[in-house]
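Pasting my_file27.csv here (CSV, C-alpha atoms):
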```
chain,number,residue,atom,x,y,z
A,1,MET,CA,0.0,0.0,0.0
A,2,ALA,CA,2.9,2.4,0.8
A,3,GLN,CA,4.4,1.4,-2.5
A,4,LEU,CA,1.3,2.5,-4.3
A,5,ARG,CA,1.1,5.8,-2.4
A,6,GLN,CA,4.7,6.6,-3.3
A,7,ASP,CA,3.8,6.6,-7.0
A,8,TYR,CA,0.2,7.8,-6.8
A,9,GLN,CA,0.9,10.9,-8.9
A,10,GLU,CA,2.2,8.7,-11.7
A,11,PHE,CA,-1.1,6.8,-11.7
A,12,VAL,CA,-3.0,10.2,-11.7
A,13,LYS,CA,-0.9,11.3,-14.7
A,14,ARG,CA,-2.1,8.2,-16.5
A,15,ASP,CA,-5.8,8.9,-15.9
A,16,THR,CA,-5.9,6.1,-13.4
A,17,GLN,CA,-7.9,5.8,-10.2
A,18,VAL,CA,-6.5,3.5,-7.6
A,19,VAL,CA,-9.4,1.6,-5.9
A,20,VAL,CA,-8.6,-0.7,-2.9
A,21,VAL,CA,-11.1,-3.3,-2.0
A,22,GLY,CA,-10.7,-5.3,1.2
A,23,PRO,CA,-12.6,-7.5,3.6
A,24,GLU,CA,-12.3,-5.1,6.6
A,25,ASP,CA,-15.2,-2.9,7.7
A,26,ALA,CA,-15.5,0.9,7.1
A,27,LYS,CA,-14.0,1.7,10.6
A,28,ALA,CA,-10.9,-0.3,9.9
A,29,PHE,CA,-10.5,1.3,6.5
A,30,SER,CA,-11.0,4.8,7.9
A,31,ALA,CA,-8.4,4.2,10.6
A,32,TYR,CA,-5.9,2.7,8.2
A,33,TRP,CA,-6.4,5.5,5.6
A,34,ALA,CA,-6.0,8.2,8.3
A,35,LYS,CA,-2.9,6.6,9.8
A,36,ASN,CA,-1.1,6.1,6.4
A,37,LYS,CA,-2.6,9.2,4.7
A,38,LEU,CA,-3.7,7.2,1.7
A,39,PRO,CA,-5.1,9.2,-1.3
A,40,PHE,CA,-6.9,6.2,-2.9
A,41,ILE,CA,-10.5,5.2,-2.9
A,42,GLY,CA,-11.0,2.6,-0.2
A,43,LEU,CA,-13.9,0.2,-0.5
A,44,PRO,CA,-14.8,-2.0,2.5
A,45,ASP,CA,-16.3,-5.3,1.4
A,46,PRO,CA,-17.0,-7.1,4.6
A,47,LYS,CA,-19.4,-9.5,2.9
A,48,ALA,CA,-16.7,-10.2,0.3
A,49,SER,CA,-19.2,-9.8,-2.5
A,50,VAL,CA,-16.8,-8.1,-4.9
A,51,LEU,CA,-13.8,-10.2,-3.6
A,52,LYS,CA,-15.8,-13.3,-4.6
A,53,LEU,CA,-17.0,-11.8,-7.9
A,54,TYR,CA,-13.3,-11.2,-8.8
A,55,GLY,CA,-12.2,-14.5,-7.4
A,56,GLN,CA,-9.7,-13.4,-4.9
A,57,GLU,CA,-8.3,-16.5,-3.4
A,58,VAL,CA,-8.2,-17.2,0.3
A,59,ASN,CA,-5.2,-18.9,1.7
A,60,LEU,CA,-6.7,-21.3,4.1
A,61,PHE,CA,-3.5,-22.3,5.7
A,62,LYS,CA,-2.4,-18.7,6.5
A,63,LEU,CA,-6.0,-17.5,7.0
A,64,GLY,CA,-5.3,-14.6,4.7
A,65,ARG,CA,-6.3,-13.5,1.3
A,66,MET,CA,-4.0,-13.5,-1.7
A,67,PRO,CA,-3.3,-10.2,-3.3
A,68,ALA,CA,-4.9,-9.5,-6.7
A,69,GLN,CA,-4.7,-6.6,-9.1
A,70,VAL,CA,-6.9,-5.8,-12.1
A,71,ILE,CA,-6.5,-2.9,-14.5
A,72,VAL,CA,-9.8,-1.8,-16.0
A,73,ASP,CA,-9.5,0.6,-19.0
A,74,LYS,CA,-11.8,3.5,-19.8
A,75,GLU,CA,-14.1,1.2,-21.7
A,76,GLY,CA,-14.5,-1.1,-18.7
A,77,VAL,CA,-12.4,-3.9,-20.1
A,78,ALA,CA,-9.9,-5.8,-18.0
A,79,ARG,CA,-6.5,-5.2,-19.5
A,80,PHE,CA,-4.3,-6.8,-16.9
A,81,VAL,CA,-5.2,-9.4,-14.3
A,82,HIS,CA,-2.8,-10.6,-11.7
A,83,TYR,CA,-3.6,-13.1,-9.0
A,84,GLY,CA,-0.9,-13.5,-6.5
A,85,HIS,CA,0.4,-16.9,-5.7
A,86,ASP,CA,1.5,-16.0,-2.3
A,87,MET,CA,1.1,-13.1,0.1
A,88,THR,CA,4.0,-11.2,-1.3
A,89,ASP,CA,3.2,-11.7,-5.0
A,90,ILE,CA,2.4,-8.2,-6.0
A,91,PRO,CA,3.4,-6.6,-9.3
A,92,SER,CA,5.8,-3.7,-9.1
A,93,ASN,CA,4.6,-0.1,-9.8
A,94,THR,CA,6.9,0.1,-12.7
A,95,GLU,CA,5.3,-3.0,-14.3
A,96,VAL,CA,1.8,-1.6,-13.7
A,97,LEU,CA,2.7,1.9,-14.9
A,98,THR,CA,4.2,0.5,-18.1
A,99,LEU,CA,1.0,-1.5,-18.6
A,100,LEU,CA,-1.1,1.6,-18.2
A,101,GLU,CA,0.9,3.3,-20.9
A,102,ASP,CA,0.2,0.4,-23.2
A,103,VAL,CA,-3.5,0.6,-22.4
A,104,ALA,CA,-3.4,4.3,-23.2
A,105,LYS,CA,-1.9,3.5,-26.6
A,106,VAL,CA,-4.6,0.9,-27.4
A,107,THR,CA,-7.5,3.0,-26.3
A,108,GLU,CA,-6.4,6.4,-27.8
B,1,MET,CA,-14.3,-19.6,-7.9
B,2,PRO,CA,-14.8,-17.2,-10.9
B,3,ARG,CA,-11.9,-15.2,-12.2
B,4,VAL,CA,-11.7,-12.3,-14.4
B,5,SER,CA,-10.5,-13.0,-18.0
B,6,LEU,CA,-8.2,-10.7,-19.8
B,7,ASN,CA,-9.7,-8.4,-22.5
B,8,THR,CA,-13.3,-9.0,-21.4
B,9,PRO,CA,-15.5,-6.5,-19.6
B,10,ALA,CA,-14.7,-6.4,-15.9
B,11,PRO,CA,-17.7,-7.3,-13.8
B,12,ASP,CA,-19.4,-4.2,-12.6
B,13,PHE,CA,-20.0,-3.7,-8.9
B,14,THR,CA,-21.3,-1.1,-6.5
B,15,LEU,CA,-19.9,-0.6,-3.0
B,16,GLN,CA,-19.9,2.2,-0.4
B,17,ASN,CA,-16.5,3.8,0.3
B,18,PHE,CA,-15.5,4.1,3.9
B,19,GLN,CA,-16.9,7.6,4.0
B,20,GLY,CA,-20.3,6.2,3.0
B,21,ASP,CA,-20.5,7.4,-0.6
B,22,THR,CA,-21.6,4.9,-3.3
B,23,VAL,CA,-18.9,4.0,-5.8
B,24,LYS,CA,-19.7,2.1,-8.9
B,25,LEU,CA,-17.0,0.7,-11.2
B,26,SER,CA,-18.9,1.7,-14.3
B,27,ASP,CA,-19.0,5.3,-13.1
B,28,PHE,CA,-15.3,5.5,-14.2
B,29,HIS,CA,-16.1,4.4,-17.7
B,30,GLY,CA,-15.1,7.0,-20.2
B,31,THR,CA,-13.1,9.1,-17.8
B,32,SER,CA,-10.5,7.0,-15.9
B,33,ASN,CA,-8.7,3.7,-16.0
B,34,VAL,CA,-9.1,1.9,-12.7
B,35,LEU,CA,-6.4,-0.1,-10.9
B,36,LEU,CA,-8.4,-2.4,-8.7
B,37,VAL,CA,-6.3,-3.6,-5.8
B,38,PHE,CA,-7.7,-6.5,-3.8
B,39,ASN,CA,-6.0,-6.1,-0.5
B,40,ARG,CA,-4.7,-9.0,1.5
B,41,GLY,CA,-5.6,-7.4,4.7
B,42,PHE,CA,-4.1,-4.4,6.6
B,43,THR,CA,-0.9,-5.2,8.4
```
Rendering of file as structure tokens:
Amino acid sequence: MAQLRQDYQEFVKRDTQVVVVGPEDAKAFSAYWAKNKLPFIGLPDPKASVLKLYGQEVNLFKLGRMPAQVIVDKEGVARFVHYGHDMTDIPSNTEVLTLLEDVAKVTE
Amino acid sequence: MPRVSLNTPAPDFTLQNFQGDTVKLSDFHGTSNVLLVFNRGFT
């Protein structure tokens, strides 16, 4: 999350909103956002409705959820889908920002 | 468990942000790309 915040302006430059969905409730989101001064949109999903819709995997052994990232372009089409294989499997900002530039070329 | 396929429309959804405002994925259509981050939990 800190990694994303660091490059937030780069996402903004690429007409991209960062939207974080998680299983915590609004109170936990609010506290975390305030503590870390996050500029993104935070969507609590305690019923896991969207998490299930997008197939975020639950690691039963570690009782945690696997990270996942999806880039949706301006037409609403999924242009990049990454499901983490373990808790630390998150694409780098550089990778995501490069992909966003490719998306811009395709949709222009 | 369903998964999202590349180059197909991303499933639309509506949730409230933690401030209580309604956020719909399709509201960004035509204006912004969206990087959806499914968080693994706050640590």
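Minimum atom-to-atom distances from A:Ala28, A:Ala68, A:Lys47, A:Gln9 to chain B were compared using all atoms listed in the file, and the lowest value belongs to A:Ala68.
Here is the contact set of chain B against chain A, at 6 Å and counting all atoms listed in the file: Met1, Pro2, Arg3, Val4, Leu6, Asn7, Thr8, Pro9, Ala10, Asn17, Phe18, His29, Gly30, Ser32, Asn33, Val34, Leu35, Leu36, Val37, Phe38, Asn39 and Arg40 of chain B.
Computed from the coordinates, the atom CA of B:Gly41 to atom CA of B:Thr22 distance equals 21.7 Å.
Going from atom CA of B:Leu15 to atom CA of A:Pro46 covers 10.4 Å.
We find atom CA of A:Tyr8 and atom CA of B:Val23 to be spaced 19.5 Å apart.
Among the candidate residues A:Gln6, A:Ala48, A:Phe40, A:Lys13, the one lying nearest to A:Ser92 is A:Gln6, with distances computed using only C-alpha atoms.
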